[in-house]
file query_1.cif (mmCIF, C-alpha atoms)
data_upload
#
loop_
_atom_site.label_atom_id
_atom_site.label_comp_id
_atom_site.auth_asym_id
_atom_site.auth_seq_id
_atom_site.Cartn_x
_atom_site.Cartn_y
_atom_site.Cartn_z
CA MET A 1 100.75 89.79 -90.26
CA ALA A 2 99.33 88.72 -93.59
CA THR A 3 95.60 88.14 -93.60
CA THR A 4 94.31 85.55 -96.01
CA THR A 5 90.66 84.58 -95.93
CA ALA A 6 89.20 81.35 -97.24
CA ALA A 7 85.43 81.21 -97.57
CA VAL A 8 83.13 78.48 -98.82
CA THR A 9 79.46 78.32 -99.67
CA LEU A 10 77.68 75.05 -100.36
CA THR A 11 74.17 75.08 -101.78
CA SER A 12 71.91 72.22 -102.75
CA ASP A 13 68.33 71.28 -103.48
CA LEU A 14 68.97 67.61 -102.79
CA LEU A 15 66.95 67.78 -99.61
CA SER A 16 63.33 68.80 -99.09
CA ASP A 17 64.61 72.01 -97.59
CA ASN A 18 67.06 73.99 -99.70
CA MET A 19 70.45 73.99 -98.09
CA SER A 20 73.00 76.76 -97.90
CA VAL A 21 76.07 76.32 -95.73
CA SER A 22 78.76 78.97 -95.47
CA ALA A 23 82.03 79.14 -93.57
CA SER A 24 84.94 81.52 -93.55
CA THR A 25 88.32 81.29 -91.90
CA THR A 26 91.41 83.40 -91.68
CA CYS A 27 94.36 81.17 -92.51
CA MET A 28 96.52 81.23 -89.38
CA LYS A 29 99.80 79.59 -88.54
CA ALA A 30 99.52 76.44 -86.45
CA GLY A 31 98.19 76.94 -82.94
CA THR A 32 97.80 80.70 -82.97
CA THR A 33 95.26 83.39 -83.71
CA ALA A 34 97.89 86.11 -83.79
CA ASP A 35 99.87 85.33 -86.92
CA GLY A 36 98.58 84.46 -90.36
CA LEU A 37 100.09 82.22 -93.02
CA ASP A 38 102.50 84.51 -94.82
CA GLN A 39 103.89 82.52 -97.74
CA MET A 40 102.38 80.97 -100.84
CA GLU A 41 103.12 79.19 -104.10
CA TYR A 42 100.74 79.55 -107.00
CA GLY A 43 100.85 77.79 -110.32
CA TYR A 44 99.12 76.43 -113.38
CA VAL A 45 100.09 73.31 -115.30
CA ASP A 46 98.88 71.30 -118.26
CA LEU A 47 99.22 67.65 -117.40
CA ALA A 48 99.13 65.01 -120.13
CA THR A 49 97.24 61.76 -119.64
CA GLY A 50 99.08 59.31 -117.49
CA ASP A 51 101.64 61.77 -116.23
CA GLU A 52 102.23 61.70 -112.51
CA TYR A 53 103.28 65.07 -111.21
CA ASP A 54 104.78 65.98 -107.86
CA LEU A 55 102.67 69.07 -107.25
CA ILE A 56 104.83 70.77 -104.66
CA ALA A 57 108.47 70.87 -105.70
CA ALA A 58 109.78 71.84 -102.29
CA THR A 59 109.15 70.50 -98.81
CA PRO A 60 106.86 72.62 -96.65
CA THR A 61 107.46 72.46 -92.94
CA ALA A 62 105.77 69.38 -91.54
CA THR A 63 102.72 69.29 -89.29
CA LYS A 64 101.84 72.93 -89.64
CA ALA A 65 98.71 74.67 -90.88
CA SER A 66 99.46 74.60 -94.61
CA LYS A 67 96.45 74.75 -96.92
CA LEU A 68 96.27 73.53 -100.49
CA TYR A 69 93.80 74.76 -103.08
CA LEU A 70 93.55 72.76 -106.28
CA LYS A 71 91.21 73.15 -109.23
CA ASN A 72 90.81 71.10 -112.37
CA HIS A 73 90.04 73.61 -115.12
CA SER A 74 89.31 70.93 -117.70
CA THR A 75 85.88 71.24 -119.26
CA ASP A 76 85.47 67.62 -120.32
CA GLU A 77 83.48 65.74 -117.70
CA THR A 78 85.44 62.54 -118.31
CA TYR A 79 88.79 64.15 -117.52
CA TYR A 80 89.99 63.91 -113.98
CA ILE A 81 93.07 63.89 -111.81
CA ARG A 82 93.85 61.40 -109.12
CA VAL A 83 95.02 63.23 -106.01
CA MET A 84 97.58 61.15 -104.19
CA LEU A 85 99.11 61.70 -100.79
CA HIS A 86 102.02 59.54 -99.72
CA ALA A 87 101.26 57.31 -102.75
CA GLN A 88 97.70 56.81 -101.52
CA GLU A 89 94.80 58.10 -103.62
CA ILE A 90 92.50 60.18 -101.51
CA GLY A 91 90.14 61.37 -104.21
CA ARG A 92 89.50 62.48 -107.76
CA LEU A 93 88.93 65.95 -109.13
CA TYR A 94 86.85 65.93 -112.30
CA GLY A 95 86.71 68.78 -114.79
CA GLY A 96 85.56 71.92 -112.96
CA ASP A 97 86.01 70.51 -109.46
CA TRP A 98 88.11 72.17 -106.77
CA MET A 99 89.35 71.19 -103.34
CA PHE A 100 90.75 72.96 -100.30
CA ILE A 101 92.54 70.72 -97.83
CA PRO A 102 94.92 70.95 -94.92
CA ALA A 103 98.31 69.64 -95.98
CA ASP A 104 100.51 68.03 -93.39
CA PHE A 105 103.72 67.00 -95.23
CA HIS A 106 104.51 64.89 -92.18
CA ASP A 107 107.57 63.24 -93.66
CA ALA A 108 109.77 63.27 -96.75
CA ASP A 109 107.49 60.82 -98.55
CA ALA A 110 104.30 62.75 -97.89
CA ASP A 111 104.29 64.48 -101.26
CA ILE A 112 101.08 65.46 -102.95
CA MET A 113 101.04 63.96 -106.41
CA ILE A 114 98.46 64.26 -109.16
CA THR A 115 97.92 62.00 -112.15
CA ALA A 116 95.92 63.07 -115.21
CA ILE A 117 93.34 60.68 -116.64
CA GLY A 118 91.27 60.98 -119.81
CA GLY A 119 93.24 63.69 -121.55
CA THR A 120 95.39 66.73 -120.86
CA ASN A 121 94.07 68.21 -117.64
CA LYS A 122 94.54 71.90 -116.81
CA ILE A 123 95.39 72.33 -113.17
CA CYS A 124 95.56 75.46 -111.03
CA TYR A 125 96.96 75.27 -107.51
CA ALA A 126 97.87 77.46 -104.56
CA LEU A 127 99.70 76.43 -101.43
CA PHE A 128 99.52 78.67 -98.37
CA HIS A 129 102.17 77.77 -95.83
CA GLU A 130 104.51 78.95 -93.12
CA GLY A 131 107.88 77.83 -94.48
CA ILE A 132 109.44 75.43 -96.94
CA THR A 133 112.77 73.81 -97.58
CA LYS A 134 113.84 74.43 -101.15
CA ASP A 135 115.41 71.59 -103.09
CA ALA A 136 119.18 71.86 -103.33
CA SER A 137 120.52 72.89 -106.72
CA ALA A 138 122.11 70.11 -108.77
CA MET B 1 68.25 66.55 -111.29
CA ALA B 2 69.34 68.11 -108.08
CA THR B 3 71.88 70.89 -108.31
CA THR B 4 74.61 71.18 -105.72
CA THR B 5 77.22 73.89 -105.94
CA ALA B 6 80.41 74.65 -104.06
CA THR B 7 81.94 78.12 -104.14
CA ILE B 8 85.31 79.09 -102.73
CA THR B 9 86.72 82.57 -102.31
CA LEU B 10 90.38 83.09 -101.42
CA SER B 11 91.35 86.67 -100.72
CA SER B 12 94.14 88.70 -99.23
CA THR B 13 95.15 92.31 -99.52
CA ASP B 14 98.56 91.99 -97.93
CA LEU B 15 100.00 88.52 -98.59
CA LEU B 16 101.41 89.66 -101.95
CA SER B 17 102.20 93.05 -103.44
CA ASP B 18 99.18 92.53 -105.64
CA GLU B 19 95.80 91.84 -104.11
CA LEU B 20 94.77 88.20 -104.15
CA SER B 21 91.18 87.59 -105.10
CA LEU B 22 90.20 84.17 -106.36
CA ALA B 23 86.68 82.89 -106.58
CA THR B 24 85.31 79.85 -108.32
CA THR B 25 82.16 77.78 -108.28
CA CYS B 26 81.67 74.20 -109.34
CA THR B 27 78.55 72.12 -109.69
CA LEU B 28 79.05 68.79 -108.00
CA THR B 29 78.48 66.03 -110.53
CA GLY B 30 79.11 62.34 -110.81
CA ALA B 31 82.22 60.63 -112.10
CA ASP B 32 82.49 60.84 -115.91
CA ASN B 33 79.10 62.53 -116.31
CA SER B 34 77.23 65.77 -115.81
CA THR B 35 74.52 64.38 -113.55
CA GLY B 36 74.39 66.02 -110.15
CA VAL B 37 75.50 64.16 -107.06
CA ILE B 38 72.70 61.94 -105.83
CA GLY B 39 72.96 62.02 -102.08
CA THR B 40 74.10 63.91 -99.03
CA SER B 41 74.49 63.11 -95.40
CA GLY B 42 73.16 66.58 -94.65
CA LEU B 43 75.03 68.87 -92.34
CA ALA B 44 75.93 67.07 -89.13
CA ARG B 45 77.85 67.71 -85.93
CA LYS B 46 79.91 65.43 -83.77
CA THR B 47 81.30 66.30 -80.38
CA THR B 48 84.12 64.01 -79.40
CA ALA B 49 84.22 62.59 -75.91
CA ASN B 50 87.96 62.05 -75.85
CA THR B 51 91.05 62.05 -78.08
CA THR B 52 90.34 58.65 -79.62
CA GLU B 53 90.43 58.24 -83.40
CA TYR B 54 86.94 58.11 -84.94
CA THR B 55 85.83 56.81 -88.31
CA LEU B 56 83.72 59.56 -89.81
CA PHE B 57 82.90 57.84 -93.10
CA ALA B 58 83.57 54.17 -93.85
CA ALA B 59 84.56 53.55 -97.47
CA ALA B 60 82.73 50.23 -97.53
CA ASP B 61 79.44 52.11 -97.18
CA TYR B 62 79.89 53.97 -100.48
CA THR B 63 80.58 53.16 -104.13
CA ASP B 64 84.25 52.92 -105.03
CA ASP B 65 86.12 55.36 -107.24
CA LYS B 66 83.45 58.01 -107.50
CA ALA B 67 83.36 61.79 -107.19
CA HIS B 68 82.28 62.04 -103.56
CA LYS B 69 83.11 65.24 -101.68
CA VAL B 70 83.46 65.81 -97.96
CA TYR B 71 83.08 69.11 -96.09
CA LEU B 72 84.62 69.44 -92.63
CA LYS B 73 84.76 72.31 -90.17
CA ASN B 74 86.41 72.59 -86.77
CA THR B 75 84.06 74.74 -84.71
CA SER B 76 86.54 75.25 -81.89
CA THR B 77 87.61 78.77 -80.98
CA THR B 78 90.66 77.65 -79.02
CA ALA B 79 93.64 78.24 -81.29
CA THR B 80 95.58 75.16 -80.23
CA GLU B 81 92.75 72.71 -80.89
CA TYR B 82 92.77 70.75 -84.13
CA PHE B 83 91.38 67.64 -85.76
CA GLU B 84 93.87 65.43 -87.54
CA ILE B 85 92.33 64.07 -90.73
CA GLN B 86 93.33 60.73 -92.20
CA VAL B 87 92.28 58.99 -95.39
CA ALA B 88 93.22 55.33 -95.67
CA GLY B 89 95.39 55.74 -92.60
CA THR B 90 97.42 58.48 -94.28
CA VAL B 91 97.52 61.81 -92.51
CA VAL B 92 96.12 64.50 -94.80
CA GLY B 93 96.53 67.34 -92.35
CA ARG B 94 95.18 69.23 -89.41
CA ILE B 95 92.08 71.40 -89.35
CA TRP B 96 92.79 74.04 -86.76
CA ALA B 97 90.21 76.05 -84.82
CA GLY B 98 87.75 77.68 -87.19
CA ASP B 99 89.27 76.06 -90.28
CA TRP B 100 87.28 74.15 -92.87
CA ALA B 101 88.18 71.74 -95.66
CA PHE B 102 86.54 70.44 -98.81
CA ILE B 103 88.04 67.11 -99.81
CA PRO B 104 87.48 64.86 -102.83
CA TRP B 105 86.99 61.27 -101.73
CA SER B 106 87.17 58.17 -103.91
CA ALA B 107 85.92 55.83 -101.15
CA ASP B 108 88.08 53.04 -102.47
CA SER B 109 87.57 49.86 -100.51
CA THR B 110 88.94 47.31 -102.97
CA GLY B 111 92.63 48.12 -102.64
CA THR B 112 93.17 50.07 -99.47
CA ASN B 113 90.24 50.81 -97.21
CA CYS B 114 89.89 54.57 -97.66
CA ASP B 115 87.95 55.39 -94.52
CA ILE B 116 87.96 59.00 -93.39
CA ASP B 117 89.13 59.12 -89.81
CA ILE B 118 89.43 62.04 -87.43
CA THR B 119 91.46 62.40 -84.27
CA PRO B 120 90.65 65.37 -82.03
CA GLN B 121 93.55 67.07 -80.28
CA ALA B 122 91.43 67.49 -77.13
CA ALA B 123 88.26 66.08 -75.64
CA ASN B 124 84.92 67.79 -76.21
CA MET B 125 85.73 69.27 -79.59
CA THR B 126 83.00 69.65 -82.19
CA LEU B 127 83.29 68.90 -85.89
CA GLU B 128 80.73 69.90 -88.50
CA TYR B 129 80.69 67.66 -91.53
CA MET B 130 78.77 66.77 -94.63
CA LEU B 131 79.19 64.22 -97.40
CA PHE B 132 78.03 64.65 -100.97
CA GLU B 133 77.63 61.25 -102.52
CA ASP B 134 78.03 60.30 -106.17
#
call {"tool": "encode", "arguments": {"input": "query_1.cif", "output": "structure tokens"}}
result
Amino acid sequence: MATTTAAVTLTSDLLSDNMSVSASTTCMKAGTTADGLDQMEYGYVDLATGDEYDLIAATPTATKASKLYLKNHSTDETYYIRVMLHAQEIGRLYGGDWMFIPADFHDADADIMITAIGGTNKICYALFHEGITKDASA
Amino acid sequence: MATTTATITLSSTDLLSDELSLATTCTLTGADNSTGVIGTSGLARKTTANTTEYTLFAAADYTDDKAHKVYLKNTSTTATEYFEIQVAGTVVGRIWAGDWAFIPWSADSTGTNCDIDITPQAANMTLEYMLFED
């Protein structure tokens, strides 16, 4: 079994008491503690302003425990990407921001798309999953 | 200015032939600027009474199209228990036992109402959560 660990630490002095929250998880397949996610895709793209990009070019198995990491490596604070799921914007990643989300891919239209705003955004991504259907060759 | 940081580490020694070790830190700032996020809900916990869908954060309560971030963690230790996460009624995915997520949130309420909703797979599950507000 592959063992992949995802850990997060959040710190802030927003509150009167300094905050530090940490969590760590081993990325498991859906519904089990005996078998870890054993497949991944990893990539880096430059995305010009206005381009909408289908981030995952294949179809991961639906309703599993897939995890998506995404980071905007742009250094300009006005650059951002719109993160869309099923044509619905869920949020924006500005230069330097990252996210780590569960990814459901619950039907054929549930693609994760990103759109660059402000300039050419530099995007790094990693998808951890338990199976995909590759697109048929043309 | 308050400083809020988020650090992620992704590591594996046996997923690939080469060891995977990725770590990055970002300072949470506002949309289009370098000013730190201005608010937080603080770390909170919710134990669900049943398998009904709950609204965790209502978009109408926050400014649209900003750089909000949401942290979620399923504290369950039962492997089959998950929370289904929705944004604007669209299923994002499932957070299984022990899993966490860090999600950008635009809180759009002018087009579609982008509430963050959770649906527990079982009764009496506990979610930890925190919002960082732009």
call {"tool": "residues_around", "arguments": {"input": "query_1.cif", "residues": "stretch 31-37 of chain B", "least_positions_apart": "5", "cutoff": "9 Å", "atoms": "only C-alpha atoms", "output": "PyMOL selection string"}}
result
(chain A and resi 14+76-80+92+94) or (chain B and resi 1-4+65-68+132-134)
call {"tool": "residues_around", "arguments": {"input": "query_1.cif", "residues": "stretch 97-103 of chain B", "least_positions_apart": "3", "cutoff": "9 Å", "atoms": "all atoms listed in the file", "output": "PyMOL selection string"}}
result
(chain A and resi 6-8+23-28+31+33+67+90-91+98-102) or (chain B and resi 68-83+128)
call {"tool": "closest_residue", "arguments": {"input": "query_1.cif", "among": "A:Pro60, A:Gly96, A:Gly131, A:Gly119", "to": "A:Asp46", "atoms": "all atoms listed in the file"}}
result
A:Gly119
call {"tool": "atom_distance", "arguments": {"input": "query_1.cif", "atom1": "atom CA of A:Thr75", "atom2": "atom CA of B:Leu22"}}
result
18.8 Å
call {"tool": "resolve_selection", "arguments": {"input": "query_1.cif", "expression": "the PyMOL selection byres ((chain A and resi 4) around 9)", "output": "list in words"}}
result
Ala2, Thr3, Thr5, Ala6, Thr25, Thr26, Cys27, Met28, Gly36, Leu37, Asp38 and Phe128 of chain A; Leu10, Ser11, Ser12, Thr13, Asp14, Leu15 and Leu20 of chain B
call {"tool": "resolve_selection", "arguments": {"input": "query_1.cif", "expression": "the PyMOL selection byres ((chain B and resi 50) around 7)", "output": "NGL selection string"}}
result
:B and (48-49 or 51-52 or 122-124)
call {"tool": "closest_residue", "arguments": {"input": "query_1.cif", "among": "A:Ala116, A:Ala103, A:Ile56, A:Ala110", "to": "A:Ala30", "atoms": "only C-alpha atoms"}}
result
A:Ala103
call {"tool": "resolve_selection", "arguments": {"input": "query_1.cif", "expression": "the PyMOL selection byres ((chain B and resi 56-60) around 9)", "output": "ChimeraX atom specification"}}
result
/B:54-55,61-64,106-110,113-118,129,131
call {"tool": "closest_residue", "arguments": {"input": "query_1.cif", "among": "B:Thr112, B:Ser41, B:Cys26, B:Glu53", "to": "A:Ser74", "atoms": "all atoms listed in the file"}}
result
B:Cys26
call {"tool": "atom_distance", "arguments": {"input": "query_1.cif", "atom1": "atom CA of B:Glu84", "atom2": "atom CA of B:Trp96"}}
result
8.7 Å
call {"tool": "closest_residue", "arguments": {"input": "query_1.cif", "among": "B:Gln86, B:Leu43, B:Pro104, B:Thr126", "to": "chain A", "atoms": "all atoms listed in the file"}}
result
B:Pro104
call {"tool": "residues_around", "arguments": {"input": "query_1.cif", "residues": "A:Leu10", "least_positions_apart": "5", "cutoff": "7 Å", "atoms": "only C-alpha atoms", "output": "count of residues only"}}
result
6
call {"tool": "residues_near_point", "arguments": {"input": "query_1.cif", "point": "(65.5, 67.0, -97.6)", "cutoff": "12 Å", "atoms": "all atoms listed in the file", "output": "list in words"}}
result
Ser12, Asp13, Leu14, Leu15, Ser16, Asp17, Asn18 and Met19 of chain A; Ala2, Gly39, Thr40, Ser41, Gly42 and Leu43 of chain B
call {"tool": "closest_residue", "arguments": {"input": "query_1.cif", "among": "A:Ala58, A:Ile123, A:Ile81, A:Ala108", "to": "A:Ser137", "atoms": "only C-alpha atoms"}}
result
A:Ala58
call {"tool": "closest_residue", "arguments": {"input": "query_1.cif", "among": "B:Gly30, B:Trp105, B:Ile38, B:Ala44", "to": "chain A", "atoms": "only C-alpha atoms"}}
result
B:Trp105
call {"tool": "decode", "arguments": {"input": "query_1.cif", "residues": "stretch 30-61 of chain B", "atoms": "C-alpha atoms", "output": "mmCIF file, in the first residue's frame"}}
result
data_model
loop_
_atom_site.group_PDB
_atom_site.id
_atom_site.type_symbol
_atom_site.label_atom_id
_atom_site.label_comp_id
_atom_site.auth_asym_id
_atom_site.auth_seq_id
_atom_site.Cartn_x
_atom_site.Cartn_y
_atom_site.Cartn_z
ATOM 1 C CA GLY B 30 -6.883 39.948 0.523
ATOM 2 C CA ALA B 31 -8.016 39.958 -3.086
ATOM 3 C CA ASP B 32 -5.713 42.047 -5.300
ATOM 4 C CA ASN B 33 -3.590 43.261 -2.383
ATOM 5 C CA SER B 34 -0.968 42.204 0.118
ATOM 6 C CA THR B 35 -2.941 43.086 3.233
ATOM 7 C CA GLY B 36 -3.544 40.148 5.522
ATOM 8 C CA VAL B 37 -6.988 38.640 5.876
ATOM 9 C CA ILE B 38 -9.031 40.662 8.319
ATOM 10 C CA GLY B 39 -11.150 38.151 10.147
ATOM 11 C CA THR B 40 -11.560 34.586 11.271
ATOM 12 C CA SER B 41 -14.346 32.551 12.729
ATOM 13 C CA GLY B 42 -11.767 30.921 14.974
ATOM 14 C CA LEU B 43 -11.539 27.177 15.202
ATOM 15 C CA ALA B 44 -14.971 25.674 15.796
ATOM 16 C CA ARG B 45 -16.592 22.272 16.090
ATOM 17 C CA LYS B 46 -19.991 21.038 15.072
ATOM 18 C CA THR B 47 -21.452 17.679 15.961
ATOM 19 C CA THR B 48 -24.301 16.764 13.685
ATOM 20 C CA ALA B 49 -27.457 15.321 15.160
ATOM 21 C CA ASN B 50 -28.524 13.500 12.029
ATOM 22 C CA THR B 51 -27.741 13.157 8.322
ATOM 23 C CA THR B 52 -29.482 16.375 7.320
ATOM 24 C CA GLU B 53 -27.663 18.897 5.131
ATOM 25 C CA TYR B 54 -26.333 21.872 7.109
ATOM 26 C CA THR B 55 -25.275 25.298 5.919
ATOM 27 C CA LEU B 56 -21.863 25.887 7.434
ATOM 28 C CA PHE B 57 -21.241 29.336 5.953
ATOM 29 C CA ALA B 58 -23.873 31.447 4.196
ATOM 30 C CA ALA B 59 -22.452 33.481 1.312
ATOM 31 C CA ALA B 60 -24.800 36.373 2.032
ATOM 32 C CA ASP B 61 -22.963 36.959 5.315
#
